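Undergrad: Coordinates in input.txt, compact mmCIF, C-alpha atoms, are listed below.
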# COMPACT_ATOMS: atom_id res chain seq x y z
CA MET A 1 0.00 0.00 0.00
CA LYS A 2 2.89 2.37 0.75
CA ILE A 3 4.21 1.90 -2.79
CA LEU A 4 0.78 2.59 -4.25
CA ARG A 5 0.49 5.83 -2.25
CA GLN A 6 3.94 6.89 -3.43
CA VAL A 7 3.00 6.19 -7.05
CA TRP A 8 -0.28 8.07 -6.67
CA GLN A 9 1.59 11.09 -5.32
CA LEU A 10 3.99 10.83 -8.26
CA VAL A 11 1.06 10.74 -10.68
CA LYS A 12 -0.50 13.83 -9.16
CA ARG A 13 2.79 15.75 -9.14
CA GLN A 14 4.01 14.70 -12.60
CA LYS A 15 0.92 14.17 -14.75
CA LEU A 16 2.69 14.76 -18.07
CA TYR A 17 5.55 12.40 -17.21
CA THR A 18 3.08 9.71 -16.13
CA ALA A 19 0.97 10.08 -19.27
CA ILE A 20 4.00 9.93 -21.60
CA TYR A 21 5.49 6.96 -19.73
CA ILE A 22 2.25 4.95 -19.80
CA PHE A 23 1.70 5.80 -23.47
CA GLY A 24 5.26 4.79 -24.39
CA THR A 25 4.93 1.52 -22.50
CA ALA A 26 1.51 0.85 -24.04
CA LEU A 27 2.87 1.45 -27.55
CA ALA A 28 5.76 -0.95 -26.97
CA LEU A 29 3.53 -3.64 -25.43
CA ALA A 30 0.89 -3.29 -28.15
CA THR A 31 3.52 -3.71 -30.88
CA VAL A 32 5.11 -6.74 -29.23
CA THR A 33 1.72 -8.33 -28.43
CA VAL A 34 0.52 -7.97 -32.03
CA TYR A 35 3.69 -9.62 -33.28
CA ALA A 36 3.40 -12.39 -30.66
CA VAL A 37 -0.24 -13.12 -31.53
CA GLN A 38 0.56 -13.17 -35.25
CA LEU A 39 3.44 -15.59 -34.60
CA ARG A 40 1.40 -17.79 -32.26
CA THR A 41 -1.49 -17.97 -34.73
CA ARG A 42 0.87 -19.34 -37.38
CA ILE A 43 2.25 -22.19 -35.26
CA ALA A 44 0.04 -22.91 -32.23
CA PRO A 45 -3.03 -25.21 -32.24
CA VAL A 46 -6.09 -23.05 -32.99
CA TYR A 47 -9.56 -23.81 -34.34
CA PRO A 48 -9.92 -26.02 -36.32
CA GLU A 49 -6.23 -26.95 -36.66
CA TYR A 50 -5.81 -28.37 -33.16
CA GLN A 51 -3.52 -31.15 -34.43
CA ARG A 52 -0.85 -28.83 -35.81
CA PRO A 53 1.96 -30.44 -33.76
CA ARG A 54 1.25 -33.73 -35.58
CA MET A 55 0.46 -32.28 -39.00
CA ALA A 56 2.56 -32.56 -42.16
CA VAL A 57 1.78 -30.77 -45.42
CA VAL A 58 2.57 -31.31 -49.09
CA ASN A 59 1.67 -28.16 -50.98
CA HIS A 60 3.95 -28.20 -54.02
CA LEU A 61 6.34 -30.34 -56.03
CA GLN A 62 8.31 -30.17 -59.27
CA VAL A 63 8.25 -32.34 -62.39
CA SER A 64 10.86 -31.79 -65.08
CA GLU A 65 11.74 -33.58 -68.27
CA LYS A 66 15.03 -35.43 -68.03
CA ASN A 67 16.11 -33.94 -71.36
CA GLY A 68 15.79 -30.48 -69.77
CA HIS A 69 13.09 -29.16 -72.11
CA MET A 70 10.37 -28.68 -69.49
CA MET A 71 10.13 -27.94 -65.78
CA ARG A 72 6.88 -27.28 -63.90
CA GLN A 73 5.99 -26.66 -60.27
CA SER A 74 2.52 -26.95 -58.84
CA ALA A 75 0.42 -28.60 -56.19
CA VAL A 76 -0.29 -32.34 -56.29
CA GLY A 77 -2.24 -34.04 -59.07
CA TYR A 78 -5.42 -36.05 -58.49
CA GLU A 79 -4.28 -39.41 -59.84
CA SER A 80 -0.88 -39.32 -58.13
CA MET A 81 -2.48 -38.23 -54.87
CA ARG A 82 -4.94 -41.13 -54.92
CA GLU A 83 -2.39 -43.66 -56.21
CA TYR A 84 0.61 -42.75 -54.06
CA LEU A 85 0.27 -40.02 -51.43
CA LEU A 86 -2.97 -41.09 -49.73
CA LYS A 87 -1.69 -44.65 -49.35
CA VAL A 88 1.35 -43.98 -47.17
CA ARG A 89 1.73 -46.23 -44.12
CA SER A 90 3.36 -43.79 -41.68
CA ALA A 91 0.36 -41.46 -41.25
CA ASP A 92 -2.70 -41.90 -39.04
CA HIS A 93 -4.85 -39.89 -41.44
CA ALA A 94 -4.27 -38.46 -44.91
CA THR A 95 -6.55 -36.03 -46.72
CA GLY A 96 -6.47 -34.32 -50.09
CA ILE A 97 -7.72 -30.73 -50.33
CA ARG A 98 -8.47 -29.29 -53.74
CA ARG A 99 -7.54 -25.61 -53.80
CA HIS A 100 -9.87 -23.49 -55.94
CA TRP A 101 -7.57 -20.66 -56.93
CA ALA A 102 -10.32 -18.85 -58.88
CA ASP A 103 -12.95 -16.94 -56.91
CA SER A 104 -16.12 -18.87 -56.05
CA TYR A 105 -19.52 -17.37 -55.33
CA VAL A 106 -22.53 -18.76 -53.54
CA GLN A 107 -26.00 -17.70 -54.67
CA SER A 108 -28.71 -16.52 -52.30
CA VAL A 109 -31.99 -18.45 -52.47
CA ASN A 110 -33.82 -15.20 -51.72
CA GLY A 111 -32.51 -13.36 -54.77
CA GLY A 112 -29.80 -11.39 -52.97
CA LEU A 113 -26.35 -10.63 -54.26
CA ASP A 114 -23.85 -13.44 -54.75
CA ARG A 115 -21.41 -13.87 -51.88
CA LEU A 116 -17.69 -14.45 -52.36
CA VAL A 117 -16.60 -17.64 -50.56
CA LYS A 118 -13.56 -19.86 -50.12
CA PHE A 119 -14.62 -23.20 -51.62
CA ILE A 120 -12.57 -26.35 -51.10
CA ALA A 121 -13.22 -29.95 -52.14
CA THR A 122 -11.90 -32.74 -49.95
CA ASP A 123 -12.56 -36.22 -48.55
CA THR A 124 -13.87 -37.61 -45.26
CA ALA A 125 -10.38 -37.80 -43.69
CA TYR A 126 -10.42 -33.98 -43.61
CA PHE A 127 -12.79 -34.18 -40.64
CA ASP A 128 -10.45 -36.56 -38.80
CA ILE A 129 -7.61 -34.03 -39.04
CA PHE A 130 -9.50 -30.75 -38.62
CA THR A 131 -11.95 -30.40 -35.73
CA LEU A 132 -14.93 -28.45 -37.02
CA ASP A 133 -17.49 -27.15 -34.52
CA PHE A 134 -20.82 -28.16 -36.04
CA ILE A 135 -23.82 -26.00 -35.17
CA ALA A 136 -26.19 -28.25 -37.11
CA GLY A 137 -25.76 -31.50 -39.01
CA GLY A 138 -22.34 -32.93 -39.73
CA PRO A 139 -19.84 -33.83 -42.47
CA PHE A 140 -20.73 -35.70 -45.62
CA THR A 141 -20.48 -39.47 -45.25
CA HIS A 142 -18.06 -41.96 -46.81
CA GLU A 143 -20.90 -43.25 -48.97
CA GLN A 144 -21.70 -39.73 -50.20
CA PHE A 145 -18.01 -39.18 -50.97
CA GLU A 146 -17.57 -42.46 -52.86
CA GLY A 147 -20.79 -41.89 -54.76
CA GLY A 148 -19.81 -38.38 -55.87
CA SER A 149 -22.83 -36.90 -54.11
CA HIS A 150 -23.28 -33.14 -54.30
CA ALA A 151 -23.34 -32.85 -50.51
CA ALA A 152 -21.77 -29.77 -48.94
CA LEU A 153 -21.11 -27.97 -45.67
CA ILE A 154 -21.18 -24.22 -45.10
CA ASP A 155 -20.30 -21.98 -42.19
CA THR A 156 -22.94 -20.01 -40.28
CA ASP A 157 -22.10 -16.71 -42.00
CA VAL A 158 -22.69 -18.23 -45.44
CA ALA A 159 -25.84 -19.97 -44.19
CA ARG A 160 -27.33 -16.63 -43.17
CA ALA A 161 -26.28 -15.02 -46.44
CA VAL A 162 -27.80 -17.83 -48.52
CA PHE A 163 -30.96 -18.68 -46.59
CA GLY A 164 -31.60 -15.64 -44.40
CA ALA A 165 -32.90 -15.78 -40.83
CA GLY A 166 -34.31 -18.92 -39.23
CA GLU A 167 -33.31 -22.01 -37.29
CA LEU A 168 -30.07 -23.41 -38.71
CA SER A 169 -31.14 -27.00 -38.04
CA GLU A 170 -34.13 -26.51 -40.33
CA LEU A 171 -31.83 -25.71 -43.27
CA LEU A 172 -30.31 -29.20 -43.41
CA GLY A 173 -31.18 -31.00 -46.62
CA ARG A 174 -31.99 -27.82 -48.51
CA GLU A 175 -30.40 -27.08 -51.87
CA PHE A 176 -28.12 -24.15 -52.68
CA THR A 177 -25.68 -23.35 -55.47
CA VAL A 178 -21.98 -22.54 -55.65
CA ASP A 179 -21.00 -20.99 -58.97
CA HIS A 180 -24.48 -22.09 -60.09
CA VAL A 181 -23.79 -25.77 -59.35
CA ALA A 182 -26.36 -27.31 -57.01
CA TYR A 183 -25.38 -28.88 -53.66
CA ARG A 184 -27.40 -30.41 -50.82
CA LEU A 185 -26.65 -29.00 -47.36
CA THR A 186 -25.48 -31.62 -44.82
CA GLY A 187 -23.88 -29.51 -42.11
CA ILE A 188 -23.33 -25.99 -40.76
CA TYR A 189 -20.20 -25.18 -38.76
CA ARG A 190 -18.66 -22.32 -36.83
CA PRO A 191 -16.69 -20.03 -39.18
CA MET A 192 -12.91 -20.40 -39.38
CA SER A 193 -10.41 -17.58 -39.52
CA GLU A 194 -8.49 -16.98 -42.75
CA GLY A 195 -5.44 -17.12 -40.49
CA VAL A 196 -5.58 -20.96 -40.71
CA PRO A 197 -4.68 -21.30 -44.41
CA VAL A 198 -4.39 -25.09 -44.58
CA SER A 199 -7.98 -25.82 -43.55
CA TYR A 200 -9.78 -22.53 -44.20
CA ALA A 201 -13.05 -22.73 -46.14
CA ASN A 202 -16.57 -21.29 -46.14
CA VAL A 203 -17.93 -24.13 -48.27
CA ILE A 204 -16.70 -27.76 -48.21
CA ALA A 205 -17.74 -30.46 -50.68
CA PRO A 206 -16.41 -33.88 -51.82
CA TYR A 207 -13.84 -33.62 -54.60
CA THR A 208 -15.52 -36.61 -56.21
CA ALA A 209 -18.46 -34.30 -56.92
CA VAL A 210 -16.37 -31.59 -58.60
CA GLU A 211 -16.39 -31.57 -62.38
CA ASN A 212 -12.91 -31.55 -63.97
CA ASN A 213 -11.41 -31.98 -60.53
CA ASP A 214 -7.85 -32.03 -61.87
CA GLN A 215 -6.93 -29.36 -64.41
CA TRP A 216 -3.37 -30.76 -64.83
CA GLY A 217 -4.58 -34.20 -65.89
CA ASN A 218 -1.99 -34.59 -68.67
CA SER A 219 1.03 -33.74 -66.52
CA PRO A 220 2.33 -36.45 -64.18
CA PHE A 221 2.01 -35.70 -60.46
CA LEU A 222 0.92 -32.07 -60.97
CA GLY A 223 -2.49 -30.71 -60.07
CA ASN A 224 -4.46 -28.55 -57.62
CA TYR A 225 -4.37 -30.56 -54.39
CA TRP A 226 -2.65 -30.12 -51.06
CA VAL A 227 -2.15 -33.31 -49.06
CA VAL A 228 -2.24 -33.11 -45.27
CA TYR A 229 -1.26 -35.82 -42.79
CA THR A 230 -1.29 -36.45 -39.07
CA THR A 231 1.57 -38.63 -37.91
CA ASP A 232 3.72 -39.48 -34.91
CA SER A 233 6.55 -40.61 -37.22
CA PRO A 234 7.45 -37.63 -39.43
CA GLU A 235 10.84 -39.08 -40.35
CA ALA A 236 9.29 -42.37 -41.46
CA LEU A 237 6.73 -40.43 -43.50
CA ARG A 238 9.46 -38.41 -45.19
CA GLU A 239 11.39 -41.58 -45.94
CA GLU A 240 8.28 -43.00 -47.65
CA PHE A 241 8.20 -39.89 -49.84
CA ASN A 242 11.87 -40.33 -50.67
CA GLU A 243 11.10 -43.89 -51.70
CA ILE A 244 8.16 -42.75 -53.88
CA GLU A 245 10.45 -40.20 -55.52
CA ARG A 246 13.23 -42.76 -56.14
CA ARG A 247 10.85 -45.41 -57.41
CA TYR A 248 9.10 -43.06 -59.83
CA ASN A 249 12.30 -41.53 -61.19
CA SER A 250 13.82 -44.96 -61.84
CA SER A 251 10.64 -46.41 -63.37
CA GLN A 252 10.73 -44.29 -66.56
CA ASP A 253 13.15 -42.19 -68.62
CA GLU A 254 11.01 -39.14 -69.36
CA TYR A 255 10.33 -37.25 -66.09
CA GLU A 256 12.17 -36.34 -62.90
CA LEU A 257 10.04 -35.89 -59.72
CA ASP A 258 11.19 -33.66 -56.84
CA PHE A 259 9.17 -33.25 -53.61
CA PHE A 260 11.56 -30.56 -52.28
CA GLY A 261 11.90 -32.46 -49.00
CA ALA A 262 8.15 -32.76 -48.40
CA PRO A 263 6.09 -33.49 -46.44
CA PHE A 264 6.78 -30.50 -44.22
CA ALA A 265 5.91 -30.35 -40.53
CA HIS A 266 3.36 -27.61 -39.93
CA THR A 267 5.93 -25.35 -38.26
CA GLU A 268 8.23 -25.71 -41.26
CA PHE A 269 5.35 -25.06 -43.64
CA SER A 270 4.18 -21.98 -41.74
CA LEU A 271 7.46 -20.30 -40.82
CA GLY A 272 9.58 -21.37 -43.77
CA ASN A 273 9.16 -20.70 -47.47
CA GLY A 274 6.40 -23.26 -47.78
CA GLY A 275 8.74 -25.55 -45.84
CA GLU A 276 11.56 -25.38 -48.38
CA ASP A 277 15.06 -24.64 -47.04
CA PHE A 278 13.69 -24.31 -43.51
CA THR A 279 16.31 -23.89 -40.79
CA LEU A 280 14.98 -23.59 -37.24
CA SER A 281 18.05 -21.69 -36.00
CA ASP A 282 17.65 -19.05 -38.73
CA VAL A 283 13.94 -18.62 -37.99
CA LEU A 284 14.57 -18.33 -34.24
CA ALA A 285 17.30 -15.78 -34.88
CA VAL A 286 14.86 -13.64 -36.90
CA ILE A 287 12.13 -13.94 -34.25
CA LEU A 288 14.41 -13.15 -31.32
CA GLY A 289 16.03 -10.30 -33.26
CA THR A 290 12.63 -8.81 -33.99
CA PHE A 291 11.58 -8.98 -30.34
CA PHE A 292 14.92 -7.46 -29.28
CA VAL A 293 14.50 -4.48 -31.60
CA LEU A 294 10.85 -4.01 -30.62
CA LEU A 295 11.88 -3.86 -26.94
CA LEU A 296 15.22 -2.07 -27.24
CA VAL A 297 13.96 1.17 -28.81
CA PRO A 298 11.17 1.85 -26.27
CA ALA A 299 13.43 0.71 -23.41
CA LEU A 300 16.04 3.32 -24.38
CA ASN A 301 13.41 6.05 -24.62
CA LEU A 302 11.80 5.12 -21.31
CA SER A 303 15.23 4.80 -19.69
CA GLY A 304 15.98 8.39 -20.65
CA MET A 305 12.74 9.53 -19.05
CA VAL A 306 13.47 7.56 -15.85
CA ALA A 307 17.00 9.00 -15.72
CA GLY A 308 15.58 12.53 -15.82
CA ARG A 309 13.17 11.69 -13.01
CA MET A 310 15.98 10.18 -10.93
CA GLU A 311 17.97 13.42 -11.28
CA ARG A 312 15.00 15.39 -9.91
CA ARG A 313 14.65 12.95 -7.01
CA LEU A 314 18.31 13.03 -5.93
CA PRO A 315 17.63 15.31 -2.94
CA GLU A 316 14.91 12.92 -1.75
CA ILE A 317 17.27 9.97 -2.22
CA GLY A 318 20.01 11.83 -0.29
CA VAL A 319 17.65 12.46 2.64
CA ARG A 320 16.52 8.83 2.72
CA LYS A 321 20.14 7.59 2.66
CA SER A 322 21.16 10.01 5.41
CA TYR A 323 18.48 8.47 7.65
CA GLY A 324 19.85 4.98 7.06
CA ALA A 325 18.02 3.69 3.99
CA THR A 326 20.23 1.21 2.15
CA ASP A 327 20.82 1.19 -1.59
CA GLY A 328 19.06 -2.17 -1.85
CA VAL A 329 15.87 -0.92 -0.17
CA LEU A 330 15.81 2.26 -2.27
CA LEU A 331 16.48 0.36 -5.50
CA LEU A 332 13.64 -2.05 -4.77
CA GLU A 333 11.25 0.84 -4.05
CA LEU A 334 12.21 2.66 -7.24
CA LEU A 335 11.81 -0.48 -9.34
CA ASN A 336 8.44 -1.23 -7.74
CA GLU A 337 7.22 2.31 -8.41
CA ASN A 338 8.29 1.99 -12.01
CA LEU A 339 6.75 -1.48 -12.26
CA ILE A 340 3.32 -0.17 -11.32
CA LEU A 341 3.47 2.44 -14.09
CA THR A 342 4.78 -0.22 -16.48
CA LEU A 343 1.91 -2.60 -15.63
CA ALA A 344 -0.59 0.23 -16.15
CA GLY A 345 0.94 0.81 -19.57
CA ALA A 346 0.89 -2.94 -20.25
CA ILE A 347 -2.85 -3.11 -19.57
CA VAL A 348 -3.49 -0.19 -21.90
CA GLY A 349 -1.17 -1.75 -24.50
CA PHE A 350 -2.90 -5.14 -24.36
CA VAL A 351 -6.33 -3.53 -24.81
CA TRP A 352 -4.89 -1.47 -27.67
CA ALA A 353 -3.46 -4.62 -29.30
CA TRP A 354 -6.79 -6.45 -28.82
CA ILE A 355 -8.66 -3.63 -30.58
CA MET A 356 -6.19 -3.59 -33.50
CA LEU A 357 -6.21 -7.39 -33.89
CA SER A 358 -9.96 -7.92 -33.50
CA THR A 359 -10.84 -5.15 -35.96
CA GLY A 360 -8.22 -6.14 -38.53
CA MET A 361 -6.19 -2.90 -38.14
CA ALA A 362 -3.24 -5.19 -37.39
CA GLY A 363 -4.33 -8.54 -38.72
CA ILE A 364 -3.20 -12.09 -39.25
CA THR A 365 -1.27 -12.66 -42.46
CA THR A 366 -2.93 -15.01 -44.95
CA THR A 367 -1.62 -16.80 -48.02
CA ASP A 368 -4.45 -15.88 -50.36
CA GLY A 369 -5.23 -12.26 -49.60
CA PRO A 370 -4.98 -9.32 -47.20
CA ASP A 371 -4.50 -9.60 -43.44
CA VAL A 372 -7.60 -10.59 -41.48
CA ALA A 373 -8.88 -9.96 -37.96
CA ALA A 374 -7.79 -12.33 -35.21
CA THR A 375 -10.35 -14.35 -33.27
CA GLY A 376 -10.77 -14.22 -29.49
CA GLU A 377 -9.19 -17.67 -29.23
CA MET A 378 -6.06 -16.36 -30.93
CA ILE A 379 -5.75 -13.33 -28.64
CA PHE A 380 -7.04 -14.47 -25.26
CA ALA A 381 -4.69 -17.38 -24.66
CA PRO A 382 -2.75 -18.03 -21.43
CA ALA A 383 0.51 -17.95 -23.36
CA VAL A 384 -0.24 -14.42 -24.59
CA PHE A 385 -1.00 -13.16 -21.06
CA VAL A 386 2.15 -14.75 -19.65
CA PHE A 387 4.17 -13.30 -22.51
CA CYS A 388 2.79 -9.80 -21.90
CA PHE A 389 3.61 -10.04 -18.18
CA VAL A 390 7.17 -11.20 -18.87
CA VAL A 391 7.66 -8.41 -21.42
CA SER A 392 6.39 -5.91 -18.83
CA LEU A 393 8.98 -7.11 -16.33
CA LEU A 394 11.76 -6.99 -18.90
CA LEU A 395 10.75 -3.51 -20.02
CA ASN A 396 10.63 -2.36 -16.39
CA ILE A 397 14.08 -3.72 -15.63
CA ALA A 398 15.58 -2.48 -18.89
CA SER A 399 14.23 1.05 -18.51
CA ALA A 400 14.61 1.62 -14.76
CA LEU A 401 17.47 -0.48 -13.41
CA ILE A 402 20.43 1.42 -14.85
CA PRO A 403 19.12 4.97 -14.14
CA ALA A 404 18.11 3.99 -10.59
CA ALA A 405 21.44 2.28 -9.89
CA ARG A 406 23.39 5.29 -11.21
CA ALA A 407 21.37 7.66 -9.00
CA LEU A 408 21.97 5.53 -5.91
CA ARG A 409 25.74 5.52 -6.48
CA ARG A 410 25.87 9.28 -5.93
CA PRO A 411 27.41 10.26 -2.57
CA ILE A 412 24.93 11.52 0.01
CA VAL A 413 26.40 15.04 0.00
CA THR A 414 26.18 15.25 -3.78
CA ALA A 415 22.59 14.03 -3.71
CA LEU A 416 21.56 16.52 -1.01
CA ASN A 417 23.13 19.43 -2.92
CA SER A 418 21.44 18.53 -6.24
CA LYS A 419 19.00 21.06 -7.65
Could you render the structure from this file as structure tokens?
TA:
Amino acid sequence: MKILRQVWQLVKRQKLYTAIYIFGTALALATVTVYAVQLRTRIAPVYPEYQRPRMAVVNHLQVSEKNGHMMRQSAVGYESMREYLLKVRSADHATGIRRHWADSYVQSVNGGLDRLVKFIATDTAYFDIFTLDFIAGGPFTHEQFEGGSHAALIDTDVARAVFGAGELSELLGREFTVDHVAYRLTGIYRPMSEGVPVSYANVIAPYTAVENNDQWGNSPFLGNYWVVYTTDSPEALREEFNEIERRYNSSQDEYELDFFGAPFAHTEFSLGNGGEDFTLSDVLAVILGTFFVLLLVPALNLSGMVAGRMERRLPEIGVRKSYGATDGVLLLELLNENLILTLAGAIVGFVWAWIMLSTGMAGITTTDGPDVAATGEMIFAPAVFVFCFVVSLLLNIASALIPAARALRRPIVTALNSK
């Protein structure tokens, strides 16, 4: 309580200093928090990609002619995916996801404007890997997938845009169109964030129901599919891919297949260049360097402000020391005073960061478009709160320790005679 009274007196005496200090701290914390949330969203388990630590991704490969006349890079082809990549033994689950690179639109049944959507076509294993939160209904069945049924799922936002108001459960079984192709609604799920690029979709249908589901049909291994796995044996899975690559390249004299080291662990895929040439030490160096710069600049500015305040408080420090106060006691008091102001700035900074992230002012980077707003799950995570607290402590120590220690080293006479 004594420290709080001292800080309150400081606030009343030095309103401008307090305001500038809290604002500077808030700006630093907001910047660091935004960066931390953006980083966490790329690598931590979030809806619906809760199995990220066990995920592996194949998103591109290269096929070249052995005579050197042709070289192409693309995602995975339909036939090769079904024949080779979905039959690996080292994965618990394997799913193919057809990426529709062209814009897709869903039509309103009430005559409203078409709505732009992210449409993917996949198989039933998708729902074993990605945990969708169904509000009504569920995924299409294995029988519907094998039979090429035009069954589809949509998120709640699209459901409202297509069908209007009403009970979502009553919409199941109704027909709607995507790019004027009819589908039967089997399930409605909670919307995903575009910040989960592997799984993200507004509309999900079986790829067996998609006409011309492989536009690269004449090129071996190339197509429009990403393949995603869950596995506890990533090295064994990668060795299977090496074997597929060796077996294919030795089986014919026309083409050379290169997986570029795929499949990539999700962290490699997310933080590296699609997983290619990923080096954990290099990525960590960039991350730590970024955090260091983001903290160093405000710490230097705040340290200058604290040093000025220490100079003005030298007479007070001299009086306290003359009455027997030790350097250790005074240093602890000064750091605690500064910590309270730092925590006040941290609270303001976290709220500031939350507003920027939730409104999209500082969004989550996506692969297919502009940054998007973060969800509450991405922001309000224990790891983010702990991180903000640790950053507050570091900022407090970095900005106040050296100025306070220098002030306490002054002789008592010098301190008492300071103006």
Undergrad: Pick out the residues sitting within 7 Å of Ile22 in chain A, and hand them over as a ChimeraX atom specification; count all atoms listed in the file, and ignore anything fewer than 6 positions along from it in its own chain.
TA: /A:341-342,344-345
Undergrad: With only C-alpha atoms as the basis for distance, which of A:Leu343, A:Leu16, A:Ser251, A:Ile244 is at the shortest distance from Phe389 in chain A?
TA: A:Leu343
Undergrad: Using only C-alpha atoms, can you tell me which of A:His150, A:Arg160, A:Arg246, A:His60 comes closest to Thr186 in chain A?
TA: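 Selected residue with least distance to Thr186 in chain A: A:His150.
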Undergrad: Which neighbours of Trp352 in chain A fall inside 12 Å, counting all atoms listed in the file, when residues of the same chain fewer than 5 positions from it are skipped, and could you give them as a list in words?
TA: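 Those residues are Phe23, Thr25, Ala26, Leu27, Ala28, Leu29, Ala30, Thr31, Val32, Thr33, Val34, Gly345, Ala346, Ile347, Leu357, Ser358, Thr359, Met361, Ala362 and Ile379 of chain A.
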Undergrad: Print the selection's residues with C-alpha atoms to a file, as a short mmCIF file (atom, residue, chain, number, x, y, z; two decimals), in the frame of the given file.
TA:
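again_14.cif was written with the following content:
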data_model
loop_
_atom_site.label_atom_id
_atom_site.label_comp_id
_atom_site.auth_asym_id
_atom_site.auth_seq_id
_atom_site.Cartn_x
_atom_site.Cartn_y
_atom_site.Cartn_z
CA PHE A 23 1.70 5.80 -23.47
CA THR A 25 4.93 1.52 -22.50
CA ALA A 26 1.51 0.85 -24.04
CA LEU A 27 2.87 1.45 -27.55
CA ALA A 28 5.76 -0.95 -26.97
CA LEU A 29 3.53 -3.64 -25.43
CA ALA A 30 0.89 -3.29 -28.15
CA THR A 31 3.52 -3.71 -30.88
CA VAL A 32 5.11 -6.74 -29.23
CA THR A 33 1.72 -8.33 -28.43
CA VAL A 34 0.52 -7.97 -32.03
CA GLY A 345 0.94 0.81 -19.57
CA ALA A 346 0.89 -2.94 -20.25
CA ILE A 347 -2.85 -3.11 -19.57
CA LEU A 357 -6.21 -7.39 -33.89
CA SER A 358 -9.96 -7.92 -33.50
CA THR A 359 -10.84 -5.15 -35.96
CA MET A 361 -6.19 -2.90 -38.14
CA ALA A 362 -3.24 -5.19 -37.39
CA ILE A 379 -5.75 -13.33 -28.64
#
Undergrad: Nearest to Tyr21 in chain A: which of A:Thr326, A:Thr208, A:Thr141, A:Asn301 is it, counting all atoms listed in the file?
TA: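 Checking each of A:Thr326, A:Thr208, A:Thr141, A:Asn301 against Tyr21 in chain A, counting all atoms listed in the file, the winner is A:Asn301.
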Undergrad: Which neighbours of Phe119 in chain A fall inside 7 Å, counting all atoms listed in the file, when residues of the same chain fewer than 6 positions from it are skipped, and could you give them as a list in words?
TA: His100, Ser104, Ala201, Asn202, Val203 and Ile204 of chain A
